[in-house]
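Here is the file run-v4.pdb (PDB, C-alpha atoms (C1' of nucleotides)).
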```
ATOM      1  CA  MET A1345     129.193 206.718 -44.907
ATOM      2  CA  SER A1346     130.010 205.738 -41.393
ATOM      3  CA  ASP A1347     133.268 207.655 -41.323
ATOM      4  CA  GLY A1348     133.771 210.850 -39.398
ATOM      5  CA  THR A1349     130.281 212.101 -40.065
ATOM      6  CA  LEU A1350     128.972 209.937 -37.259
ATOM      7  CA  TRP A1351     131.200 211.583 -34.688
ATOM      8  CA  THR A1352     130.590 215.009 -36.111
ATOM      9  CA  ALA A1353     126.863 214.445 -35.920
ATOM     10  CA  LEU A1354     126.983 213.346 -32.311
ATOM     11  CA  ALA A1355     129.383 216.111 -31.339
ATOM     12  CA  ASP A1356     126.533 218.591 -31.108
ATOM     13  CA  PRO A1357     124.543 218.460 -27.850
ATOM     14  CA  HIS A1358     121.309 219.348 -29.610
ATOM     15  CA  ARG A1359     121.775 216.454 -31.938
ATOM     16  CA  ARG A1360     122.458 214.128 -29.037
ATOM     17  CA  ALA A1361     119.278 215.406 -27.427
ATOM     18  CA  ILE A1362     117.374 214.597 -30.593
ATOM     19  CA  VAL A1363     118.855 211.139 -30.691
ATOM     20  CA  ALA A1364     117.951 210.566 -27.054
ATOM     21  CA  LEU A1365     114.463 211.808 -27.814
ATOM     22  CA  LEU A1366     114.079 209.430 -30.714
ATOM     23  CA  LEU A1367     115.229 206.576 -28.557
ATOM     24  CA  GLU A1368     111.865 206.564 -26.812
ATOM     25  CA  ARG A1369     109.843 206.606 -29.990
ATOM     26  CA  PRO A1370     109.790 208.102 -33.482
ATOM     27  CA  ARG A1371     108.609 211.672 -33.657
ATOM     28  CA  PRO A1372     107.689 214.282 -36.264
ATOM     29  CA  VAL A1373     109.895 217.319 -36.778
ATOM     30  CA  ALA A1374     107.713 219.802 -34.950
ATOM     31  CA  GLU A1375     107.669 217.717 -31.818
ATOM     32  CA  ILE A1376     111.426 217.307 -31.913
ATOM     33  CA  GLY A1377     111.986 220.996 -32.327
ATOM     34  CA  GLU A1378     109.678 221.921 -29.508
ATOM     35  CA  ALA A1379     111.140 219.345 -27.149
ATOM     36  CA  CYS A1380     114.688 220.584 -27.769
ATOM     37  CA  GLY A1381     113.831 224.268 -27.877
ATOM     38  CA  LEU A1382     114.954 224.597 -31.457
ATOM     39  CA  SER A1383     113.553 226.694 -34.260
ATOM     40  CA  GLN A1384     112.020 224.825 -37.148
ATOM     41  CA  PRO A1385     114.837 225.469 -39.651
ATOM     42  CA  SER A1386     117.441 224.585 -37.097
ATOM     43  CA  THR A1387     115.633 221.361 -36.328
ATOM     44  CA  SER A1388     115.507 220.433 -39.983
ATOM     45  CA  LYS A1389     119.180 221.178 -40.398
ATOM     46  CA  HIS A1390     120.159 219.063 -37.437
ATOM     47  CA  LEU A1391     117.982 216.257 -38.705
ATOM     48  CA  ARG A1392     119.698 216.600 -42.039
ATOM     49  CA  VAL A1393     123.061 216.049 -40.402
ATOM     50  CA  LEU A1394     121.768 213.079 -38.453
ATOM     51  CA  ARG A1395     120.283 211.712 -41.618
ATOM     52  CA  ASP A1396     123.529 212.085 -43.554
ATOM     53  CA  ALA A1397     125.267 210.271 -40.736
ATOM     54  CA  GLY A1398     122.712 207.495 -41.075
ATOM     55  CA  LEU A1399     121.592 207.946 -37.497
ATOM     56  CA  VAL A1400     117.958 208.578 -38.339
ATOM     57  CA  ARG A1401     115.588 207.630 -41.071
ATOM     58  CA  VAL A1402     112.358 209.255 -42.161
ATOM     59  CA  ARG A1403     108.897 207.944 -42.757
ATOM     60  CA  GLN A1404     106.544 210.260 -44.547
ATOM     61  CA  ASP A1405     103.085 210.425 -42.995
ATOM     62  CA  ALA A1406     100.938 212.901 -44.894
ATOM     63  CA  GLN A1407     102.634 216.291 -44.505
ATOM     64  CA  ARG A1408     104.491 215.200 -41.443
ATOM     65  CA  ARG A1409     107.853 213.509 -41.560
ATOM     66  CA  VAL A1410     108.357 211.097 -38.747
ATOM     67  CA  TYR A1411     111.980 210.565 -37.803
ATOM     68  CA  ALA A1412     113.129 207.356 -36.214
ATOM     69  CA  LEU A1413     116.447 206.180 -34.876
ATOM     70  CA  ASP A1414     118.556 203.833 -36.927
ATOM     71  CA  PRO A1415     120.449 201.388 -34.723
ATOM     72  CA  ALA A1416     123.248 200.592 -37.145
ATOM     73  CA  PRO A1417     125.544 203.626 -36.676
ATOM     74  CA  ILE A1418     125.303 203.429 -32.919
ATOM     75  CA  ALA A1419     126.245 199.807 -33.216
ATOM     76  CA  ALA A1420     129.247 201.014 -35.197
ATOM     77  CA  LEU A1421     130.082 203.326 -32.310
ATOM     78  CA  ASP A1422     129.852 200.382 -29.989
ATOM     79  CA  ALA A1423     132.167 198.455 -32.250
ATOM     80  CA  TRP A1424     134.577 201.365 -32.230
ATOM     81  CA  LEU A1425     135.016 201.369 -28.501
ATOM     82  CA  THR A1426     135.188 197.620 -28.263
ATOM     83  CA  PRO A1427     139.011 197.561 -28.113
ATOM     84  CA  TYR A1428     138.858 200.119 -25.330
ATOM     85  CA  ARG A1429     136.623 197.990 -23.208
ATOM     86  CA  THR A1430     139.490 195.587 -22.622
ATOM     87  CA  LEU A1431     141.432 198.618 -21.442
ATOM     88  CA  TRP A1432     139.224 199.476 -18.543
ATOM     89  CA  ASN A1433     138.794 195.874 -17.697
ATOM     90  CA  GLU A1434     142.548 195.725 -17.371
ATOM     91  CA  SER A1435     142.509 198.867 -15.273
ATOM     92  CA  LEU A1436     140.165 197.147 -12.867
ATOM     93  CA  VAL A1437     142.491 194.182 -12.798
ATOM     94  CA  ALA A1438     145.397 196.536 -12.204
ATOM     95  CA  LEU A1439     143.465 198.135  -9.396
ATOM     96  CA  GLY A1440     143.080 194.734  -7.839
ATOM     97  CA  ARG A1441     146.738 194.067  -8.321
ATOM     98  CA  ARG A1442     147.597 197.319  -6.652
ATOM     99  CA  LEU A1443     146.250 195.834  -3.487
ATOM    100  CA  ASP A1444     148.873 193.188  -3.863
ATOM    101  CA  ARG A1445     151.400 195.689  -5.210
ATOM    102  CA  THR A1446     154.277 193.748  -6.617
ATOM    103  CA  ALA A1447     156.888 195.152  -8.974
ATOM    104  CA  GLY A1448     156.990 194.408 -12.668
ATOM    105  CA  GLU A1449     154.582 196.750 -14.482
ATOM    106  CA  PRO A1450     156.635 198.734 -17.009
ATOM    107  CA  SER A1451     153.695 200.691 -18.431
ATOM    108  CA  ASP A1452     151.802 201.414 -15.248
ATOM    109  CA  PRO A1453     153.765 202.793 -12.325
ATOM    110  CA  PRO A1454     151.813 202.962  -9.068
ATOM    111  CA  GLU A1455     150.395 206.427  -8.533
ATOM    112  CA  ASP A1456     147.326 208.013  -7.020
ATOM    113  CA  PRO A1457     144.199 206.408  -8.393
ATOM    114  CA  THR A1458     141.951 208.552 -10.606
ATOM    115  CA  PRO A1459     143.452 212.008 -10.162
ATOM    116  CA  LYS A1460     140.737 214.032 -11.879
ATOM    117  CA  ASP A1461     141.241 217.739 -12.430
TER
ATOM    118  CA  MET B 448     132.517 218.790 -16.469
ATOM    119  CA  SER B 449     132.803 215.697 -18.566
ATOM    120  CA  ASP B 450     129.945 216.795 -20.750
ATOM    121  CA  GLY B 451     130.349 217.853 -24.309
ATOM    122  CA  THR B 452     134.109 218.081 -24.173
ATOM    123  CA  LEU B 453     134.377 214.335 -24.528
ATOM    124  CA  TRP B 454     132.406 214.286 -27.760
ATOM    125  CA  THR B 455     134.123 217.357 -29.069
ATOM    126  CA  ALA B 456     137.486 215.798 -28.368
ATOM    127  CA  LEU B 457     136.634 212.593 -30.181
ATOM    128  CA  ALA B 458     134.973 214.405 -33.062
ATOM    129  CA  ASP B 459     138.353 215.108 -34.618
ATOM    130  CA  PRO B 460     139.836 212.225 -36.632
ATOM    131  CA  HIS B 461     143.373 213.146 -35.646
ATOM    132  CA  ARG B 462     142.400 212.952 -32.028
ATOM    133  CA  ARG B 463     140.767 209.587 -32.541
ATOM    134  CA  ALA B 464     143.956 208.431 -34.227
ATOM    135  CA  ILE B 465     145.934 209.570 -31.202
ATOM    136  CA  VAL B 466     143.585 207.749 -28.883
ATOM    137  CA  ALA B 467     143.836 204.596 -30.963
ATOM    138  CA  LEU B 468     147.599 204.954 -30.907
ATOM    139  CA  LEU B 469     147.671 205.299 -27.165
ATOM    140  CA  LEU B 470     145.532 202.229 -26.834
ATOM    141  CA  GLU B 471     148.533 200.092 -27.701
ATOM    142  CA  ARG B 472     150.860 201.757 -25.272
ATOM    143  CA  PRO B 473     151.737 205.159 -23.782
ATOM    144  CA  ARG B 474     153.891 207.288 -26.016
ATOM    145  CA  PRO B 475     155.793 210.577 -25.881
ATOM    146  CA  VAL B 476     154.581 213.559 -27.876
ATOM    147  CA  ALA B 477     157.143 213.345 -30.654
ATOM    148  CA  GLU B 478     156.233 209.758 -31.416
ATOM    149  CA  ILE B 479     152.532 210.593 -31.498
ATOM    150  CA  GLY B 480     153.072 213.507 -33.832
ATOM    151  CA  GLU B 481     155.176 211.519 -36.231
ATOM    152  CA  ALA B 482     152.792 208.571 -36.267
ATOM    153  CA  CYS B 483     149.820 210.801 -37.079
ATOM    154  CA  GLY B 484     151.645 213.094 -39.469
ATOM    155  CA  LEU B 485     151.095 216.109 -37.289
ATOM    156  CA  SER B 486     153.343 219.047 -36.592
ATOM    157  CA  GLN B 487     154.633 219.357 -33.083
ATOM    158  CA  PRO B 488     152.464 222.326 -32.054
ATOM    159  CA  SER B 489     149.412 220.710 -33.536
ATOM    160  CA  THR B 490     150.155 217.526 -31.654
ATOM    161  CA  SER B 491     150.475 219.391 -28.391
ATOM    162  CA  LYS B 492     147.227 221.219 -28.991
ATOM    163  CA  HIS B 493     145.337 218.041 -29.757
ATOM    164  CA  LEU B 494     146.786 216.452 -26.667
ATOM    165  CA  ARG B 495     145.661 219.471 -24.722
ATOM    166  CA  VAL B 496     142.104 218.922 -25.882
ATOM    167  CA  LEU B 497     142.269 215.251 -25.050
ATOM    168  CA  ARG B 498     143.688 216.119 -21.685
ATOM    169  CA  ASP B 499     140.932 218.602 -20.934
ATOM    170  CA  ALA B 500     138.439 215.940 -21.857
ATOM    171  CA  GLY B 501     140.142 213.625 -19.406
ATOM    172  CA  LEU B 502     140.919 211.127 -22.125
ATOM    173  CA  VAL B 503     144.653 211.121 -21.564
ATOM    174  CA  ARG B 504     146.992 211.746 -18.706
ATOM    175  CA  VAL B 505     150.649 212.648 -18.718
ATOM    176  CA  ARG B 506     153.662 211.249 -17.012
ATOM    177  CA  GLN B 507     156.747 213.386 -17.085
ATOM    178  CA  ASP B 508     159.898 211.477 -17.907
ATOM    179  CA  ALA B 509     162.854 213.856 -18.072
ATOM    180  CA  GLN B 510     162.108 216.273 -20.920
ATOM    181  CA  ARG B 511     159.684 213.912 -22.520
ATOM    182  CA  ARG B 512     156.025 213.816 -21.613
ATOM    183  CA  VAL B 513     154.555 210.381 -21.977
ATOM    184  CA  TYR B 514     150.837 210.384 -22.681
ATOM    185  CA  ALA B 515     148.655 207.478 -21.692
ATOM    186  CA  LEU B 516     145.019 206.714 -22.188
ATOM    187  CA  ASP B 517     142.590 207.181 -19.331
ATOM    188  CA  PRO B 518     139.846 204.557 -19.417
ATOM    189  CA  ALA B 519     137.241 206.502 -17.449
ATOM    190  CA  PRO B 520     135.840 208.824 -20.147
ATOM    191  CA  ILE B 521     135.580 206.023 -22.652
ATOM    192  CA  ALA B 522     133.688 204.103 -20.037
ATOM    193  CA  ALA B 523     131.399 207.121 -19.834
ATOM    194  CA  LEU B 524     130.903 206.859 -23.574
ATOM    195  CA  ASP B 525     130.038 203.235 -23.115
ATOM    196  CA  ALA B 526     127.547 204.203 -20.456
ATOM    197  CA  TRP B 527     126.059 206.779 -22.797
ATOM    198  CA  LEU B 528     125.213 204.293 -25.465
ATOM    199  CA  THR B 529     123.967 201.713 -23.031
ATOM    200  CA  PRO B 530     120.300 202.630 -23.567
ATOM    201  CA  TYR B 531     120.838 202.312 -27.307
ATOM    202  CA  ARG B 532     122.156 198.810 -27.030
ATOM    203  CA  THR B 533     118.694 197.574 -26.147
ATOM    204  CA  LEU B 534     117.550 199.253 -29.334
ATOM    205  CA  TRP B 535     119.602 197.205 -31.703
ATOM    206  CA  ASN B 536     119.023 194.102 -29.685
ATOM    207  CA  GLU B 537     115.333 194.676 -30.206
ATOM    208  CA  SER B 538     115.911 195.233 -33.892
ATOM    209  CA  LEU B 539     117.624 191.870 -34.115
ATOM    210  CA  VAL B 540     114.798 190.279 -32.198
ATOM    211  CA  ALA B 541     112.308 191.971 -34.486
ATOM    212  CA  LEU B 542     114.212 190.716 -37.471
ATOM    213  CA  GLY B 543     113.976 187.211 -36.119
ATOM    214  CA  ARG B 544     110.301 187.597 -35.473
ATOM    215  CA  ARG B 545     109.724 188.808 -38.962
ATOM    216  CA  LEU B 546     110.786 185.429 -40.166
ATOM    217  CA  ASP B 547     108.159 183.885 -37.992
ATOM    218  CA  ARG B 548     105.164 186.117 -38.368
ATOM    219  CA  THR B 549     104.269 189.272 -40.262
ATOM    220  CA  ALA B 550     103.986 191.898 -37.564
ATOM    221  CA  GLY B 551     104.028 195.510 -38.778
ATOM    222  CA  GLU B 552     105.715 198.280 -36.828
ATOM    223  CA  PRO B 553     103.238 200.222 -34.674
ATOM    224  CA  SER B 554     102.999 203.803 -35.889
ATOM    225  CA  ASP B 555     101.776 205.582 -32.817
ATOM    226  CA  PRO B 556     100.396 209.091 -33.359
ATOM    227  CA  PRO B 557     102.686 211.558 -31.557
ATOM    228  CA  GLU B 558     100.175 213.271 -29.321
ATOM    229  CA  ASP B 559     101.708 212.292 -25.996
ATOM    230  CA  PRO B 560     104.773 214.377 -25.201
ATOM    231  CA  THR B 561     106.586 212.600 -22.414
ATOM    232  CA  PRO B 562     109.522 214.833 -21.555
ATOM    233  CA  LYS B 563     112.302 213.123 -19.742
ATOM    234  CA  ASP B 564     115.883 214.272 -19.355
TER
ATOM    235  C1'  DG C1164     174.769 230.196 -16.530
ATOM    236  C1'  DA C1165     174.738 228.971 -21.690
ATOM    237  C1'  DC C1166     173.066 225.610 -24.770
ATOM    238  C1'  DG C1167     170.194 221.883 -26.818
ATOM    239  C1'  DT C1168     166.181 219.077 -26.603
ATOM    240  C1'  DA C1169     161.238 218.301 -25.824
ATOM    241  C1'  DT C1170     156.938 220.270 -25.292
ATOM    242  C1'  DA C1171     153.537 223.993 -24.600
ATOM    243  C1'  DT C1172     151.444 228.383 -25.787
ATOM    244  C1'  DG C1173     150.102 232.704 -28.462
ATOM    245  C1'  DC C1174     148.941 234.967 -32.643
ATOM    246  C1'  DC C1175     146.849 234.878 -37.023
ATOM    247  C1'  DT C1176     144.242 233.285 -40.894
ATOM    248  C1'  DT C1177     141.010 230.257 -42.926
ATOM    249  C1'  DG C1178     137.264 227.264 -43.165
ATOM    250  C1'  DA C1179     133.481 224.846 -41.043
ATOM    251  C1'  DC C1180     129.360 225.111 -37.911
ATOM    252  C1'  DG C1181     125.221 226.881 -35.782
ATOM    253  C1'  DG C1182     121.391 230.196 -35.422
ATOM    254  C1'  DG C1183     117.926 233.401 -37.447
ATOM    255  C1'  DA C1184     114.936 235.258 -41.153
ATOM    256  C1'  DA C1185     113.079 234.578 -45.472
ATOM    257  C1'  DT C1186     111.864 231.564 -49.043
ATOM    258  C1'  DA C1187     111.007 227.188 -51.501
ATOM    259  C1'  DT C1188     108.881 222.624 -51.812
ATOM    260  C1'  DA C1189     105.439 219.094 -50.761
ATOM    261  C1'  DA C1190     101.112 217.350 -49.194
ATOM    262  C1'  DC C1191      96.469 217.867 -47.877
ATOM    263  C1'  DC C1192      91.808 220.348 -48.190
ATOM    264  C1'  DG C1193      88.231 223.249 -49.999
TER
ATOM    265  C1'  DC D1464      93.335 226.028 -58.576
ATOM    266  C1'  DG D1465      94.117 228.762 -54.159
ATOM    267  C1'  DG D1466      95.148 228.249 -49.418
ATOM    268  C1'  DT D1467      97.061 226.129 -45.338
ATOM    269  C1'  DT D1468     100.131 223.149 -42.855
ATOM    270  C1'  DA D1469     104.643 220.782 -42.314
ATOM    271  C1'  DT D1470     109.206 220.567 -43.544
ATOM    272  C1'  DA D1471     113.406 221.607 -46.259
ATOM    273  C1'  DT D1472     116.648 224.857 -48.156
ATOM    274  C1'  DT D1473     119.062 229.241 -48.947
ATOM    275  C1'  DC D1474     121.528 233.346 -47.508
ATOM    276  C1'  DC D1475     123.884 235.983 -44.102
ATOM    277  C1'  DC D1476     126.490 236.464 -40.088
ATOM    278  C1'  DG D1477     128.862 235.571 -35.642
ATOM    279  C1'  DT D1478     131.660 232.170 -33.475
ATOM    280  C1'  DC D1479     134.795 228.643 -32.963
ATOM    281  C1'  DA D1480     138.146 225.254 -34.090
ATOM    282  C1'  DA D1481     142.399 223.739 -36.685
ATOM    283  C1'  DG D1482     146.867 224.468 -38.818
ATOM    284  C1'  DG D1483     151.206 227.020 -39.450
ATOM    285  C1'  DC D1484     154.669 229.921 -37.580
ATOM    286  C1'  DA D1485     157.057 231.960 -33.999
ATOM    287  C1'  DT D1486     158.038 231.948 -29.321
ATOM    288  C1'  DA D1487     157.990 230.678 -24.470
ATOM    289  C1'  DT D1488     158.790 227.241 -20.860
ATOM    290  C1'  DA D1489     160.823 223.038 -18.655
ATOM    291  C1'  DC D1490     164.378 219.732 -18.204
ATOM    292  C1'  DG D1491     168.940 218.024 -18.732
ATOM    293  C1'  DT D1492     173.969 218.579 -19.941
ATOM    294  C1'  DC D1493     178.121 220.799 -20.052
TER
END
```

Produce C-alpha cells that represent the structure in this file.
Amino acid sequence: MSDGTLWTALADPHRRAIVALLLERPRPVAEIGEACGLSQPSTSKHLRVLRDAGLVRVRQDAQRRVYALDPAPIAALDAWLTPYRTLWNESLVALGRRLDRTAGEPSDPPEDPTPKD
Amino acid sequence: MSDGTLWTALADPHRRAIVALLLERPRPVAEIGEACGLSQPSTSKHLRVLRDAGLVRVRQDAQRRVYALDPAPIAALDAWLTPYRTLWNESLVALGRRLDRTAGEPSDPPEDPTPKD
DNA sequence: GACGTATATGCCTTGACGGGAATATAACCG
DNA sequence: CGGTTATATTCCCGTCAAGGCATATACGTC
C-alpha cells in the first residue's frame, strides 16, 4: 500500500535516480542499470522495491521488461506535504512582518533568519 | 549537505509523526515523546536526526528544549517533486483525451540514452 | 555546592538493507 | 528441444539504523 513503503523506497539515492530516470521516459532494466551504475541483480531488486511501493509499473516487451513511472504515489507524496506548504507560506508572511516587527507572536520570537549549520 | 539526510530522516514513521506533531505548534521533547509513544532517549535521537536534516530547530527555554519545524527542507522536498507534478498533470490530460479519441501510448524503443543529471 | 528536572549521548544487541555471485525463470530463435 | 538473451530470485555477508538501558550534561532551585 501507500504507507511507509513509499518513503522507504525513495529513501535510497539509487532508487531516486531510477525514478528520475524514468521521469524522462520508460526504460528497460538493462538501460536503467547501466545509467545508474548498478549491477543487474541490484537493479532488479531496486525495481522490486519501487514496484512494491507502486512507484513503477512494468510492461513486458518480448524478453525485455520496460519500467515506467506511476504518478499516483508521487501525488500521494504531494498530498502529504500539502499541510506543510501553508507553513512556509506563513514563514514568508512572517518574514514580511519582521520588517514591520511588532510584538505579539507567541510561537515565533524574532531571531536570526535561516541559521543553517 | 541537504542531500540524502532529508529522505533518510523522513523515512522513519516515528520521525514523520514528530514532524506532523510539530506542524501544529512547537513542543518540548517530553511532550513529543509522550505523544508518539517513544522513550525519552529514543525521542532525543530521532530529534537529533531531524535536526541534522535541518527539519527542526531548537529553542532553549530553561531546562526544556522546544523543537519547532523548519520549513526550508520541506520546501526542498516540494522542489524535488516539482518535475513529477507535470507527470500526473499529463496523466490527467491523457485521461481526458482518452474520452475524446483513442490514442495509444507511444512505446519508443530505448536506443537513445540521453544522460542528464 | 548538592539536588532534581529535562535532555543528550554512549554502549550494546537485533533486525533490516544493500551489494555481489550464483542460480532460476521466462521469452525468443534456430 | 537446445541455446541465448533479459530479468528475477536466492544466499551470504558487511553495514547501518533503531530501541533499551545506563549515564552524562545543562539548567534551575535551594

The PyMOL selection byres ((chain B) within 9 of (chain C)) on the file shown: which residues, as an NGL selection string? :B and (476-477 or 487-488 or 491-492 or 510-512)

Write a file of the selected residues as a CSV table (one decimal), in the frame of the given file, keeping C-alpha atoms.
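Result file follows (out-v5.csv):
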```csv
chain,number,residue,atom,x,y,z
B,476,VAL,CA,154.6,213.6,-27.9
B,477,ALA,CA,157.1,213.3,-30.7
B,487,GLN,CA,154.6,219.4,-33.1
B,488,PRO,CA,152.5,222.3,-32.1
B,491,SER,CA,150.5,219.4,-28.4
B,492,LYS,CA,147.2,221.2,-29.0
B,510,GLN,CA,162.1,216.3,-20.9
B,511,ARG,CA,159.7,213.9,-22.5
B,512,ARG,CA,156.0,213.8,-21.6
```

All in-order C-alpha pairs, least squares, chain B moved onto chain A. Output the fitted coordinates as a compact mmCIF listing (two decimals) with C-alpha atoms, keeping the file's coordinate frame, please.
```
# COMPACT_ATOMS: atom_id res chain seq x y z
CA MET B 448 133.24 210.08 -43.20
CA SER B 449 131.79 208.92 -39.95
CA ASP B 450 134.58 210.54 -38.01
CA GLY B 451 134.11 213.53 -35.82
CA THR B 452 130.64 214.32 -37.06
CA LEU B 453 129.21 211.61 -34.85
CA TRP B 454 130.69 213.10 -31.70
CA THR B 455 129.85 216.61 -32.74
CA ALA B 456 126.27 215.58 -33.38
CA LEU B 457 125.90 213.95 -29.99
CA ALA B 458 127.69 216.76 -28.19
CA ASP B 459 124.53 218.85 -28.22
CA PRO B 460 122.02 218.01 -25.46
CA HIS B 461 119.07 218.81 -27.69
CA ARG B 462 120.34 216.36 -30.23
CA ARG B 463 120.81 213.71 -27.59
CA ALA B 464 117.25 214.36 -26.48
CA ILE B 465 116.07 213.85 -30.04
CA VAL B 466 118.01 210.63 -30.31
CA ALA B 467 116.58 209.40 -27.02
CA LEU B 468 113.13 210.33 -28.27
CA LEU B 469 113.60 208.43 -31.47
CA LEU B 470 114.73 205.42 -29.53
CA GLU B 471 111.14 204.78 -28.50
CA ARG B 472 109.72 205.11 -31.96
CA PRO B 473 110.09 207.08 -35.20
CA ARG B 474 108.44 210.47 -35.12
CA PRO B 475 107.65 213.33 -37.48
CA VAL B 476 109.47 216.64 -37.15
CA ALA B 477 106.67 218.56 -35.48
CA GLU B 478 106.36 216.00 -32.72
CA ILE B 479 110.10 216.04 -32.11
CA GLY B 480 110.21 219.80 -31.93
CA GLU B 481 107.34 220.02 -29.51
CA ALA B 482 108.70 217.27 -27.27
CA CYS B 483 112.09 218.97 -27.01
CA GLY B 484 110.79 222.51 -26.80
CA LEU B 485 112.47 223.52 -30.01
CA SER B 486 111.31 225.85 -32.73
CA GLN B 487 110.58 224.27 -36.06
CA PRO B 488 113.65 225.62 -37.89
CA SER B 489 115.88 224.66 -35.02
CA THR B 490 114.43 221.18 -35.04
CA SER B 491 115.07 220.80 -38.74
CA LYS B 492 118.62 222.00 -38.36
CA HIS B 493 119.36 219.60 -35.55
CA LEU B 494 117.86 216.80 -37.57
CA ARG B 495 120.06 217.84 -40.44
CA VAL B 496 123.13 217.44 -38.27
CA LEU B 497 121.96 214.08 -37.03
CA ARG B 498 121.26 213.06 -40.57
CA ASP B 499 124.71 214.08 -41.76
CA ALA B 500 126.16 212.06 -38.94
CA GLY B 501 124.12 209.11 -40.13
CA LEU B 502 122.32 208.86 -36.82
CA VAL B 503 118.85 209.21 -38.27
CA ARG B 504 117.15 208.46 -41.52
CA VAL B 505 113.97 209.85 -42.97
CA ARG B 506 110.89 208.29 -44.40
CA GLN B 507 108.60 210.59 -46.30
CA ASP B 508 104.95 210.13 -45.47
CA ALA B 509 102.86 212.65 -47.39
CA GLN B 510 103.97 216.09 -46.19
CA ARG B 511 105.36 214.72 -43.00
CA ARG B 512 108.90 213.44 -42.70
CA VAL B 513 109.21 210.67 -40.19
CA TYR B 514 112.65 210.41 -38.63
CA ALA B 515 113.95 207.13 -37.29
CA LEU B 516 117.10 206.16 -35.52
CA ASP B 517 119.87 204.41 -37.41
CA PRO B 518 121.66 201.89 -35.21
CA ALA B 519 124.94 201.80 -37.13
CA PRO B 520 126.66 204.96 -35.83
CA ILE B 521 125.77 204.16 -32.26
CA ALA B 522 127.28 200.77 -32.83
CA ALA B 523 130.38 202.62 -33.99
CA LEU B 524 130.34 204.51 -30.71
CA ASP B 525 130.12 201.22 -28.92
CA ALA B 526 133.07 199.98 -30.90
CA TRP B 527 134.99 203.11 -30.00
CA LEU B 528 134.74 202.55 -26.31
CA THR B 529 135.41 198.86 -26.55
CA PRO B 530 139.10 199.23 -25.63
CA TYR B 531 138.07 201.26 -22.60
CA ARG B 532 135.79 198.57 -21.31
CA THR B 533 138.80 196.45 -20.44
CA LEU B 534 140.02 199.43 -18.47
CA TRP B 535 137.19 199.57 -16.02
CA ASN B 536 137.03 195.83 -15.84
CA GLU B 537 140.64 195.92 -14.74
CA SER B 538 139.84 198.62 -12.23
CA LEU B 539 137.17 196.40 -10.72
CA VAL B 540 139.58 193.51 -10.65
CA ALA B 541 142.19 195.73 -9.05
CA LEU B 542 139.67 196.83 -6.50
CA GLY B 543 138.99 193.22 -5.65
CA ARG B 544 142.65 192.48 -5.40
CA ARG B 545 143.17 195.37 -3.08
CA LEU B 546 141.00 193.60 -0.60
CA ASP B 547 143.27 190.63 -0.82
CA ARG B 548 146.74 192.07 -0.91
CA THR B 549 148.32 195.51 -0.83
CA ALA B 550 149.69 195.95 -4.32
CA GLY B 551 150.61 199.53 -5.28
CA GLU B 552 150.07 200.88 -8.77
CA PRO B 553 153.25 200.71 -10.87
CA SER B 554 154.42 204.21 -11.74
CA ASP B 555 156.47 203.60 -14.83
CA PRO B 556 158.77 206.44 -15.89
CA PRO B 557 157.56 207.75 -19.26
CA GLU B 558 160.71 207.34 -21.30
CA ASP B 559 159.34 204.90 -23.86
CA PRO B 560 157.16 206.64 -26.43
CA THR B 561 155.22 203.94 -28.20
CA PRO B 562 153.22 205.74 -30.87
CA LYS B 563 150.28 203.83 -32.15
CA ASP B 564 147.28 205.17 -34.03
```

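Atom pair atom CA of Ala515 of chain B / atom CA of Leu469 of chain B has a distance of 6.0 Å (rounded to one decimal).
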
Decode the PyMOL selection byres ((chain A) within 8 of (chain B)) for the given file into explicit residues and return them as JSON, numbers by chain. {"A": [1348, 1351, 1352, 1354, 1355, 1356, 1357, 1367, 1371, 1372, 1375, 1379, 1415, 1416, 1418, 1419, 1422, 1425, 1428, 1429, 1431, 1432, 1435, 1451, 1460]}

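In chain D, the set of residues within 12 Å of chain A (atoms considered: all atoms listed in the file) is D:DT1467, D:DT1468, D:DA1469, D:DT1470, D:DA1471, D:DT1472, D:DT1473.
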
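Between atom CA of His1390 of chain A and atom CA of His1358 of chain A the separation is 7.9 Å.
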
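Across the model, the gap from atom CA of Leu468 of chain B to atom CA of Leu1439 of chain A is 22.9 Å.
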